[in-house]
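Below: data-v5.csv (CSV, C-alpha atoms)
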chain,number,residue,atom,x,y,z
V,871,MET,CA,-39.5,-110.0,90.3
V,872,THR,CA,-38.2,-113.1,88.6
V,873,ALA,CA,-37.3,-116.2,90.5
V,874,THR,CA,-33.6,-115.6,89.8
V,875,LEU,CA,-33.8,-112.1,91.4
V,876,ARG,CA,-35.5,-113.6,94.4
V,877,ILE,CA,-32.8,-116.2,94.7
V,878,ILE,CA,-30.1,-113.5,94.4
V,879,LEU,CA,-31.8,-111.5,97.2
V,880,VAL,CA,-31.8,-114.6,99.5
V,881,LEU,CA,-28.2,-115.3,98.8
V,882,ALA,CA,-27.2,-111.7,99.4
V,883,SER,CA,-29.1,-111.7,102.7
V,884,ALA,CA,-27.3,-114.9,103.8
V,885,TRP,CA,-24.0,-113.5,102.8
V,886,ALA,CA,-24.6,-110.2,104.6
V,887,PHE,CA,-25.4,-112.1,107.8
V,888,TYR,CA,-22.3,-114.2,107.5
V,889,TYR,CA,-20.0,-111.3,106.7
V,890,VAL,CA,-21.2,-109.1,109.5
V,891,LEU,CA,-21.1,-111.8,112.1
V,892,ARG,CA,-17.6,-112.8,111.0
V,893,ASN,CA,-16.3,-109.2,111.4
V,894,ILE,CA,-17.8,-109.1,114.9
V,895,ARG,CA,-16.2,-112.4,115.7
V,896,ASP,CA,-12.8,-111.1,114.5
V,897,GLN,CA,-13.3,-108.0,116.8
V,898,LYS,CA,-13.3,-105.6,113.9
V,899,LEU,CA,-16.9,-104.3,114.1
V,900,GLN,CA,-18.7,-102.8,117.1
V,901,ILE,CA,-22.1,-104.4,117.9
V,902,ASN,CA,-23.8,-101.0,117.8
V,903,ASP,CA,-22.6,-100.4,114.2
V,904,SER,CA,-23.7,-103.9,113.1
V,905,LEU,CA,-27.4,-103.3,113.8
V,906,PHE,CA,-28.1,-101.5,110.5
V,907,TRP,CA,-26.6,-104.3,108.5
V,908,PHE,CA,-28.7,-107.0,110.2
V,909,PHE,CA,-31.8,-105.0,109.5
V,910,PHE,CA,-30.6,-104.6,105.9
V,911,ALA,CA,-30.1,-108.4,105.6
V,912,VAL,CA,-33.6,-109.0,107.1
V,913,LEU,CA,-35.1,-106.6,104.7
V,914,LEU,CA,-33.5,-108.3,101.7
V,915,LEU,CA,-34.9,-111.6,102.9
V,916,LEU,CA,-38.4,-110.2,103.4
V,917,LEU,CA,-38.4,-108.7,99.9
V,918,ALA,CA,-37.3,-112.0,98.5
V,919,LEU,CA,-39.9,-114.1,100.4
V,920,PHE,CA,-42.8,-111.7,100.0
V,921,PRO,CA,-42.7,-110.1,96.5
V,922,GLN,CA,-46.2,-108.8,97.2
V,923,ILE,CA,-44.5,-106.0,99.2
V,924,THR,CA,-42.7,-104.7,96.2
V,925,PHE,CA,-45.8,-105.2,94.0
V,926,PHE,CA,-47.9,-103.2,96.4
V,927,PHE,CA,-45.6,-100.2,96.6
V,928,ALA,CA,-44.9,-100.2,92.9
V,929,ASN,CA,-48.6,-100.0,92.3
V,930,VAL,CA,-49.1,-97.2,94.9
V,931,LEU,CA,-46.2,-95.2,93.4
V,932,GLN,CA,-47.3,-96.0,89.8
V,933,ILE,CA,-43.9,-97.5,88.9
V,934,GLU,CA,-44.3,-99.8,86.0
V,935,SER,CA,-41.7,-102.4,86.8
V,936,PRO,CA,-41.6,-103.6,90.4
V,937,VAL,CA,-37.9,-104.2,90.1
V,938,ASN,CA,-37.3,-100.5,89.5
V,939,LEU,CA,-39.0,-99.8,92.8
V,940,LEU,CA,-36.6,-102.3,94.4
V,941,PHE,CA,-33.6,-100.3,92.9
V,942,LEU,CA,-35.1,-97.0,94.0
V,943,PHE,CA,-35.8,-98.3,97.5
V,944,MET,CA,-32.2,-99.6,97.9
V,945,PHE,CA,-30.8,-96.3,96.6
V,946,ALA,CA,-32.8,-94.3,99.1
V,947,ILE,CA,-31.7,-96.5,102.0
V,948,LEU,CA,-28.1,-96.4,101.0
V,949,ILE,CA,-28.0,-92.7,100.3
V,950,TYR,CA,-29.5,-92.0,103.7
V,951,ARG,CA,-27.0,-94.3,105.3
V,952,SER,CA,-24.2,-92.6,103.4
V,953,PHE,CA,-25.3,-89.2,104.7
V,954,ARG,CA,-25.4,-90.6,108.3
V,955,GLN,CA,-21.9,-91.8,107.8
V,956,SER,CA,-20.8,-88.4,106.6
V,957,ILE,CA,-22.1,-86.9,109.8
V,958,ARG,CA,-20.3,-89.6,111.8
V,959,ILE,CA,-17.1,-89.0,110.0
V,960,SER,CA,-17.4,-85.2,110.6
V,961,GLN,CA,-17.9,-85.9,114.3
V,962,LEU,CA,-14.9,-88.2,114.4
V,963,ASP,CA,-12.8,-85.7,112.5
V,964,ASN,CA,-13.7,-83.1,115.0
V,965,LYS,CA,-12.9,-85.4,118.0
V,966,ILE,CA,-9.5,-86.2,116.6
V,967,LYS,CA,-8.8,-82.5,116.0
V,968,GLU,CA,-9.8,-81.7,119.6
V,969,LEU,CA,-7.7,-84.5,121.0
V,970,THR,CA,-4.7,-83.4,119.0
V,971,GLN,CA,-5.1,-79.8,120.2
V,972,ASN,CA,-5.6,-80.8,123.8
V,973,LEU,CA,-2.6,-83.1,123.7
V,974,THR,CA,-0.4,-80.4,122.1
V,975,ILE,CA,-1.4,-77.8,124.7
V,976,TYR,CA,-0.9,-80.3,127.5
V,977,GLU,CA,2.6,-81.2,126.2
V,978,LYS,CA,3.5,-77.5,125.9
V,979,LYS,CA,2.4,-76.9,129.5
V,980,ASN,CA,4.3,-80.0,130.6
V,981,ASN,CA,7.5,-78.9,128.9
V,982,ASP,CA,7.2,-75.3,130.2
V,983,THR,CA,6.9,-76.5,133.8
V,984,LYS,CA,9.9,-78.8,133.2
V,985,ASP,CA,12.0,-75.9,131.9
V,986,GLU,CA,11.0,-73.8,135.0
V,987,THR,CA,12.1,-76.5,137.5
V,988,GLU,CA,15.4,-77.0,135.6
V,989,GLN,CA,16.3,-73.4,135.8
T,620,MET,CA,1.3,-102.4,146.9
T,621,GLU,CA,-1.9,-103.8,148.4
T,622,ARG,CA,-4.9,-102.4,146.6
T,623,ASN,CA,-8.3,-103.9,146.6
T,624,VAL,CA,-11.4,-102.1,145.3
T,625,LEU,CA,-11.5,-99.2,142.9
T,626,ILE,CA,-14.8,-97.4,142.6
T,627,ILE,CA,-15.2,-96.1,139.0
T,628,ILE,CA,-17.5,-93.1,138.8
T,629,PRO,CA,-18.4,-92.1,135.2
T,630,ALA,CA,-19.7,-88.6,135.1
T,631,TYR,CA,-21.3,-86.7,132.3
T,632,ASN,CA,-22.8,-83.3,133.2
T,633,GLU,CA,-23.2,-84.3,136.8
T,634,GLU,CA,-22.4,-80.9,138.4
T,635,GLY,CA,-25.5,-81.2,140.6
T,636,ASN,CA,-24.6,-84.6,142.0
T,637,ILE,CA,-20.9,-85.3,141.8
T,638,GLU,CA,-19.8,-83.4,145.0
T,639,ARG,CA,-22.4,-85.2,147.1
T,640,VAL,CA,-21.5,-88.6,145.7
T,641,VAL,CA,-17.8,-88.3,146.0
T,642,SER,CA,-17.6,-86.5,149.4
T,643,ASN,CA,-19.8,-89.2,150.9
T,644,LEU,CA,-17.2,-91.8,149.6
T,645,VAL,CA,-14.2,-89.8,150.8
T,646,GLN,CA,-15.7,-89.1,154.3
T,647,ASN,CA,-17.4,-92.4,155.0
T,648,TYR,CA,-15.7,-95.0,152.9
T,649,PRO,CA,-11.9,-94.2,153.0
T,650,GLN,CA,-11.1,-97.9,152.8
T,651,PHE,CA,-12.0,-97.8,149.1
T,652,ASP,CA,-10.1,-96.0,146.3
T,653,TYR,CA,-12.2,-94.2,143.8
T,654,VAL,CA,-11.7,-92.4,140.5
T,655,VAL,CA,-14.1,-90.0,138.7
T,656,VAL,CA,-14.0,-90.3,134.9
T,657,ASN,CA,-15.3,-87.0,133.5
T,658,ASP,CA,-16.6,-87.9,130.1
T,659,GLY,CA,-16.1,-84.5,128.4
T,660,SER,CA,-18.9,-82.8,130.4
T,661,LYS,CA,-20.1,-79.5,129.1
T,662,ASP,CA,-20.9,-78.2,132.6
T,663,THR,CA,-18.7,-77.6,135.6
T,664,THR,CA,-18.2,-81.3,136.6
T,665,ALA,CA,-14.5,-81.2,136.0
T,666,ASP,CA,-14.0,-77.9,137.8
T,667,ILE,CA,-15.8,-79.2,140.8
T,668,CYS,CA,-13.6,-82.3,140.9
T,669,LYS,CA,-10.4,-80.2,140.5
T,670,ARG,CA,-11.4,-77.7,143.1
T,671,ASN,CA,-12.1,-80.4,145.7
T,672,GLY,CA,-8.9,-82.3,144.8
T,673,TYR,CA,-10.8,-85.4,143.7
T,674,ASN,CA,-9.0,-88.3,142.0
T,675,LEU,CA,-10.0,-87.4,138.4
T,676,LEU,CA,-9.5,-88.8,134.9
T,677,ASP,CA,-10.6,-85.9,132.8
T,678,GLN,CA,-11.5,-86.9,129.2
T,679,PRO,CA,-11.3,-83.9,126.9
T,680,ILE,CA,-14.0,-85.3,124.6
T,681,ASN,CA,-17.2,-87.3,125.1
T,682,LEU,CA,-16.9,-91.0,124.5
T,683,GLY,CA,-20.2,-92.1,126.0
T,684,LEU,CA,-20.8,-94.3,129.1
T,685,ALA,CA,-19.1,-97.4,127.7
T,686,GLY,CA,-16.0,-95.4,126.8
T,687,ALA,CA,-15.8,-93.7,130.2
T,688,VAL,CA,-16.2,-96.9,132.1
T,689,GLN,CA,-13.5,-98.5,129.9
T,690,THR,CA,-11.2,-95.7,130.8
T,691,GLY,CA,-11.8,-96.5,134.5
T,692,MET,CA,-11.2,-100.2,133.8
T,693,LYS,CA,-7.8,-99.4,132.1
T,694,TYR,CA,-6.9,-97.3,135.2
T,695,ALA,CA,-7.9,-100.1,137.5
T,696,TYR,CA,-5.9,-102.7,135.6
T,697,GLU,CA,-2.8,-100.5,135.3
T,698,ASN,CA,-2.9,-99.8,139.0
T,699,GLY,CA,-3.2,-103.4,140.1
T,700,TYR,CA,-6.7,-103.4,141.7
T,701,LYS,CA,-8.3,-106.7,142.5
T,702,ALA,CA,-11.8,-105.5,141.9
T,703,ALA,CA,-13.5,-102.6,140.3
T,704,ILE,CA,-17.1,-101.4,140.6
T,705,GLN,CA,-19.1,-99.1,138.3
T,706,PHE,CA,-20.7,-96.5,140.5
T,707,ASP,CA,-23.1,-93.9,139.0
T,708,GLY,CA,-22.2,-90.3,139.3
T,709,ASP,CA,-25.8,-89.3,139.8
T,710,GLY,CA,-26.1,-90.8,143.3
T,711,GLN,CA,-28.4,-93.7,142.6
T,712,HIS,CA,-25.9,-96.3,143.9
T,713,ARG,CA,-25.2,-96.6,147.6
T,714,PRO,CA,-21.7,-97.3,148.9
T,715,GLU,CA,-22.8,-99.3,151.9
T,716,PHE,CA,-23.2,-102.4,149.7
T,717,ILE,CA,-19.7,-102.3,148.2
T,718,SER,CA,-18.0,-104.3,151.0
T,719,THR,CA,-20.6,-107.1,150.7
T,720,MET,CA,-20.1,-107.2,146.9
T,721,TYR,CA,-16.3,-107.4,147.4
T,722,GLU,CA,-16.8,-110.4,149.8
T,723,LYS,CA,-18.5,-112.2,146.9
T,724,ILE,CA,-15.5,-111.4,144.7
T,725,GLN,CA,-13.2,-112.9,147.3
T,726,GLU,CA,-15.4,-116.0,147.4
T,727,GLY,CA,-14.5,-116.5,143.8
T,728,TYR,CA,-17.2,-114.8,141.7
T,729,ASP,CA,-16.1,-113.0,138.6
T,730,ILE,CA,-19.0,-110.6,138.4
T,731,VAL,CA,-21.2,-109.4,141.3
T,732,ILE,CA,-24.3,-107.4,140.4
T,733,GLY,CA,-25.9,-105.0,142.9
T,734,SER,CA,-29.4,-106.1,142.3
T,735,ARG,CA,-32.7,-104.4,143.2
T,736,PHE,CA,-34.7,-107.6,142.9
T,737,VAL,CA,-33.1,-110.5,144.8
T,738,THR,CA,-35.5,-110.4,147.7
T,739,GLU,CA,-37.6,-107.4,146.6
T,740,LYS,CA,-40.3,-107.8,144.0
T,741,LYS,CA,-40.0,-106.2,140.6
T,742,PRO,CA,-42.6,-103.5,140.1
T,743,ASN,CA,-44.9,-103.6,137.1
T,744,THR,CA,-43.7,-100.7,135.0
T,745,LEU,CA,-42.8,-100.5,131.3
T,746,ARG,CA,-39.1,-100.2,132.2
T,747,MET,CA,-39.3,-103.4,134.4
T,748,PHE,CA,-41.1,-105.2,131.5
T,749,GLY,CA,-38.0,-104.5,129.5
T,750,SER,CA,-35.9,-105.8,132.4
T,751,ASN,CA,-38.0,-109.0,132.5
T,752,LEU,CA,-37.5,-109.5,128.7
T,753,ILE,CA,-33.7,-109.2,129.1
T,754,GLN,CA,-33.8,-111.5,132.1
T,755,GLY,CA,-35.7,-114.0,130.0
T,756,ILE,CA,-33.3,-114.0,127.0
T,757,ILE,CA,-30.3,-114.3,129.4
T,758,ARG,CA,-31.9,-117.3,131.0
T,759,LEU,CA,-32.5,-118.8,127.6
T,760,THR,CA,-29.0,-118.3,126.2
T,761,ALA,CA,-26.7,-118.4,129.3
T,762,HIS,CA,-29.0,-120.6,131.6
T,763,VAL,CA,-28.5,-118.2,134.5
T,764,ASN,CA,-31.3,-116.3,136.2
T,765,ILE,CA,-30.3,-112.7,136.7
T,766,GLN,CA,-33.0,-110.8,138.4
T,767,ASP,CA,-31.7,-107.3,137.7
T,768,PRO,CA,-29.8,-107.5,134.4
T,769,THR,CA,-30.0,-103.7,133.8
T,770,SER,CA,-28.5,-102.7,137.1
T,771,GLY,CA,-25.5,-100.5,136.4
T,772,MET,CA,-23.9,-101.4,139.7
T,773,ARG,CA,-21.6,-104.2,138.9
T,774,MET,CA,-18.3,-105.3,140.4
T,775,TYR,CA,-15.7,-107.2,138.5
T,776,ASN,CA,-12.6,-109.1,139.5
T,777,ARG,CA,-9.2,-108.6,138.0
T,778,LYS,CA,-9.7,-111.3,135.3
T,779,VAL,CA,-12.8,-109.5,134.0
T,780,ILE,CA,-11.2,-106.0,134.4
T,781,LYS,CA,-8.5,-107.0,132.0
T,782,VAL,CA,-11.0,-108.1,129.4
T,783,LEU,CA,-13.2,-105.0,129.8
T,784,ALA,CA,-10.1,-102.7,129.6
T,785,GLU,CA,-8.7,-104.2,126.5
T,786,GLN,CA,-11.3,-105.7,124.2
T,787,ILE,CA,-14.0,-104.2,121.9
T,788,ASN,CA,-17.7,-105.0,122.3
T,789,MET,CA,-17.3,-105.2,126.1
T,790,GLY,CA,-19.5,-102.3,127.1
T,791,PRO,CA,-21.0,-102.4,130.7
T,792,GLU,CA,-24.3,-103.8,129.6
T,793,PRO,CA,-26.3,-107.0,129.9
T,794,ASP,CA,-25.1,-108.4,126.6
T,795,THR,CA,-21.5,-108.3,127.9
T,796,VAL,CA,-22.5,-110.0,131.1
T,797,THR,CA,-24.3,-112.7,129.1
T,798,HIS,CA,-21.3,-113.2,126.8
T,799,LEU,CA,-18.9,-113.5,129.8
T,800,ILE,CA,-21.2,-116.0,131.5
T,801,ARG,CA,-21.2,-118.1,128.3
T,802,SER,CA,-17.4,-117.8,128.4
T,803,GLY,CA,-17.4,-119.4,131.9
T,804,ALA,CA,-17.6,-116.4,134.2
T,805,LYS,CA,-19.3,-116.9,137.6
T,806,VAL,CA,-21.9,-114.3,138.3
T,807,THR,CA,-24.0,-113.6,141.4
T,808,GLU,CA,-26.3,-110.9,142.7
T,809,ILE,CA,-26.7,-109.3,146.1
T,810,GLN,CA,-29.7,-107.3,147.2
T,811,VAL,CA,-29.1,-103.5,147.2
T,812,LYS,CA,-31.2,-100.4,147.6
T,813,MET,CA,-31.0,-97.7,145.0
T,814,ASP,CA,-32.0,-94.0,145.3
T,815,GLU,CA,-33.8,-91.9,142.7
T,816,ARG,CA,-31.5,-89.4,141.1
T,817,ILE,CA,-31.7,-85.9,142.7
T,818,ALA,CA,-30.4,-83.6,140.1
T,819,GLY,CA,-29.8,-83.7,136.4
T,820,GLU,CA,-31.6,-85.7,133.7
T,821,SER,CA,-31.9,-89.4,133.1
T,822,TYR,CA,-30.3,-90.6,129.9
T,823,LEU,CA,-33.1,-92.9,129.0
T,824,ASN,CA,-36.0,-91.7,126.9
T,825,LEU,CA,-38.4,-93.7,124.7
T,826,SER,CA,-36.4,-93.9,121.5
T,827,ARG,CA,-33.2,-94.5,123.3
T,828,SER,CA,-34.9,-97.3,125.3
T,829,ALA,CA,-36.2,-98.9,122.1
T,830,LYS,CA,-32.7,-98.7,120.5
T,831,TYR,CA,-31.3,-100.2,123.7
T,832,MET,CA,-33.7,-103.1,123.7
T,833,THR,CA,-33.1,-103.8,120.0
T,834,THR,CA,-29.3,-103.8,120.6
T,835,MET,CA,-29.6,-106.1,123.6
T,836,PHE,CA,-31.9,-108.6,121.7
T,837,THR,CA,-29.7,-108.7,118.6
T,838,SER,CA,-26.5,-108.9,120.6
T,839,ILE,CA,-27.7,-111.6,123.0
T,840,LEU,CA,-30.0,-113.7,120.8
T,841,LEU,CA,-28.1,-113.5,117.5
T,842,ILE,CA,-24.5,-112.3,117.8
T,843,GLY,CA,-23.9,-114.1,121.1
T,844,PHE,CA,-24.0,-117.4,119.4
T,845,PHE,CA,-21.3,-116.5,116.9
T,846,ARG,CA,-18.8,-114.6,119.2
T,847,LYS,CA,-15.6,-116.2,120.2
T,848,LYS,CA,-15.5,-117.3,123.8
T,849,THR,CA,-13.6,-114.8,125.9
T,850,ILE,CA,-10.6,-116.2,127.7
T,851,LEU,CA,-10.6,-115.2,131.4
T,852,GLN,CA,-7.1,-115.7,132.6
T,853,GLU,CA,-5.6,-115.7,136.0
T,854,GLU,CA,-2.4,-113.7,136.0
T,855,THR,CA,0.8,-115.6,136.4
T,856,ALA,CA,2.9,-113.3,138.7
Turn this file's structure into structure tokens for me.
Amino acid sequence: MTATLRIILVLASAWAFYYVLRNIRDQKLQINDSLFWFFFAVLLLLLALFPQITFFFANVLQIESPVNLLFLFMFAILIYRSFRQSIRISQLDNKIKELTQNLTIYEKKNNDTKDETEQ
Amino acid sequence: MERNVLIIIPAYNEEGNIERVVSNLVQNYPQFDYVVVNDGSKDTTADICKRNGYNLLDQPINLGLAGAVQTGMKYAYENGYKAAIQFDGDGQHRPEFISTMYEKIQEGYDIVIGSRFVTEKKPNTLRMFGSNLIQGIIRLTAHVNIQDPTSGMRMYNRKVIKVLAEQINMGPEPDTVTHLIRSGAKVTEIQVKMDERIAGESYLNLSRSAKYMTTMFTSILLIGFFRKKTILQEETA
């Protein structure tokens, strides 16, 4: 963990805070969905301020270079997040499908009763 | 058309409660309009409402409490109501307090909270500890003392109905109330009694409560400082 890397982590954290808050301010992001990114930003900050955390876990897992642990850790978090988002997208997909089907059947019913009253 | 108060009843899997709750309103409080918002229930909630001819908004899919309440707010706004109250479909809220709450709206308050703890003391439970924490951070950020911030029984005037109906991040939770106060909304509480739910299951469990508290803290203590002030506008007829 070089000083440069730590500075980059702090800057990334600050930028993440700014970027997430700006998108909430612009009414583009729901507060519920922002929580993960705030925790992510806090995590970056903690790792930058306390490199001992990275050293400790690198030692426990017998990873030679602590920075590799950092990469591994970030990968793990982001892959998990990515999977959660797959689930979310599947659910949204399904909801849109159900909505479309409901609306289609509703319109059909509506048109059928209209035809009946016209006859 | 002269319409005053709309009672919005969000209902998710409330087949054991909904008939009792709504028939009480229909029989004893005909001066108020109501609408049940069925939030894609998997049980017979919608069937019960249709069979009894209740005024029903039947959502084909589940949107969650915030989505269901917002549906009710859109309906209230479209139909010209002066006030709308969120009223739980599980029978915890009692209709005898609605008229007192509406009087406060007529006095010029934007939000009236049906509060369990204006004159009554808050019990020392874990849940009420959470309530105290939220009360504390609202006092810190909005400089208003709300004794029962987590009460779901809240009445809003037309200015607020418009905002709740149209904007994002306006779920019916304490962070929204806090944000609205900081945007200039006037809030008051009146003492109410609440009943225990009779049938069905409470939505809150430990992990949901922890998530709820985290969301409220982040939203009120961090995000609240960066949100744009909401503009509460009187309609120009």
Sorted per-residue table, chain V near chain T, closest atoms and distance, 9 Å, only C-alpha atoms, as a tab-separated table:
residue	atom	partner	partner_atom	distance
V:Leu891	CA	T:Ile842	CA	6.7
V:Arg892	CA	T:Phe845	CA	7.9
V:Ile894	CA	T:Arg846	CA	7.1
V:Arg895	CA	T:Arg846	CA	4.9
V:Asp896	CA	T:Lys847	CA	8.1
V:Gln897	CA	T:Ile787	CA	6.4
V:Lys898	CA	T:Ile787	CA	8.2
V:Leu899	CA	T:Asn788	CA	8.3
V:Gln900	CA	T:Asn788	CA	5.7
V:Ile901	CA	T:Asn788	CA	6.3
V:Asn902	CA	T:Thr834	CA	6.8
V:Leu905	CA	T:Thr834	CA	7.1
V:Phe908	CA	T:Thr837	CA	8.6
V:Lys965	CA	T:Ile680	CA	6.7
V:Glu968	CA	T:Ile680	CA	7.5
V:Leu969	CA	T:Pro679	CA	6.9
V:Asn972	CA	T:Pro679	CA	7.2
* Near region 757-767 of chain T, counting all atoms listed in the file, which residues have an atom at most 12 Å away, once you skip same-chain residues fewer than 3 positions from it, shown as a PyMOL selection string? -> chain T and resi 730-742+746-754+770-773+792-811+835-836+838-844
* Asked: With only C-alpha atoms as the basis for distance, which of V:Ala884, V:Thr924, V:Met871, V:Trp907 is at the shortest distance from Ile947 (chain V)?
  ->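 Residue with the minimum atom-to-atom distance to Ile947 (chain V): V:Trp907.
Counting all atoms listed in the file, the residue from T:Asn636, T:Asn776, T:Ser642, T:Thr719 that sits nearest to Glu854 (chain T) is T:Asn776.
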* To do: One decimal, Å: what's the distance from CA of Ser883 (chain V) over to CA of Arg951 (chain V), could you say?
  => 17.7 Å
* Please, what distance in Å, to one decimal, runs between CA of Cys668 (chain T) and CA of Ile626 (chain T)? ->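 Between CA of Cys668 (chain T) and CA of Ile626 (chain T) the gap is 15.2 Å.
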For Leu875 (chain V), work out the shell of residues within 10 Å, counting only C-alpha atoms and skipping chain neighbours fewer than 6 positions away, then give it as a JSON list (two decimals) with C-alpha atoms, in the frame of the given file.
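The resulting file, part-v8.json, is reproduced below:
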[["chain", "number", "residue", "atom", "x", "y", "z"],
["V", 881, "LEU", "CA", -28.20, -115.30, 98.80],
["V", 918, "ALA", "CA", -37.30, -112.00, 98.50],
["V", 937, "VAL", "CA", -37.90, -104.20, 90.10]]
* To do: For Leu916 (chain V), list every protein, DNA or RNA residue within 10 Å, evaluated using only C-alpha atoms, and leave out those in the same chain fewer than 4 positions away; present the list as a list in words.
  => Leu879, Val880, Ser883, Phe910, Ala911, Val912, Phe920, Pro921 and Ile923 of chain V
* Asked: CA of Ile667 (chain T) and CA of Lys967 (chain V), how far apart in Å?
  -> 26.0 Å
Padding 8 Å on every side, please: axis-aligned box over the listed atoms of region 733-743 of chain T, centre and edge lengths to one decimal in Å, as AutoDock Vina command-line options.
--center_x -35.4 --center_y -107.0 --center_z 142.4 --size_x 35.0 --size_y 23.0 --size_z 26.6
* To do: For each of T:Val782, T:Val645, T:Ile637, T:Ala687, take the minimum atom-to-atom distance to Gly659 (chain T), counting all atoms listed in the file, then give the residue where this is smallest.
  => T:Ala687
* To do: Would you list the contacts of Leu684 (chain T) as a PyMOL selection string, taking every protein, DNA or RNA residue within 10 Å and counting all atoms listed in the file, but skipping same-chain residues closer than 5 positions in sequence?
  => chain T and resi 629-631+656+658+689-690+790-791
Expected file for region 946-963 of chain V keeping C-alpha atoms, as a PDB file, in the first residue's frame:
ATOM      1  CA  ALA V 946     -15.603 -10.075  -4.570  1.00  0.00           C
ATOM      2  CA  ILE V 947     -17.804  -7.162  -3.528  1.00  0.00           C
ATOM      3  CA  LEU V 948     -18.507  -6.074  -7.068  1.00  0.00           C
ATOM      4  CA  ILE V 949     -19.224  -9.593  -8.327  1.00  0.00           C
ATOM      5  CA  TYR V 950     -21.694 -10.119  -5.490  1.00  0.00           C
ATOM      6  CA  ARG V 951     -23.267  -6.759  -6.273  1.00  0.00           C
ATOM      7  CA  SER V 952     -23.441  -7.654  -9.923  1.00  0.00           C
ATOM      8  CA  PHE V 953     -25.277 -10.871  -9.096  1.00  0.00           C
ATOM      9  CA  ARG V 954     -27.738  -9.012  -6.864  1.00  0.00           C
ATOM     10  CA  GLN V 955     -28.411  -6.693  -9.753  1.00  0.00           C
ATOM     11  CA  SER V 956     -29.045  -9.665 -12.042  1.00  0.00           C
ATOM     12  CA  ILE V 957     -31.717 -10.812  -9.610  1.00  0.00           C
ATOM     13  CA  ARG V 958     -33.177  -7.336  -9.492  1.00  0.00           C
ATOM     14  CA  ILE V 959     -33.260  -7.090 -13.279  1.00  0.00           C
ATOM     15  CA  SER V 960     -34.961 -10.491 -13.515  1.00  0.00           C
ATOM     16  CA  GLN V 961     -37.613  -9.342 -11.088  1.00  0.00           C
ATOM     17  CA  LEU V 962     -38.152  -6.095 -12.978  1.00  0.00           C
ATOM     18  CA  ASP V 963     -38.299  -8.022 -16.244  1.00  0.00           C
TER      19      ASP V 963
END
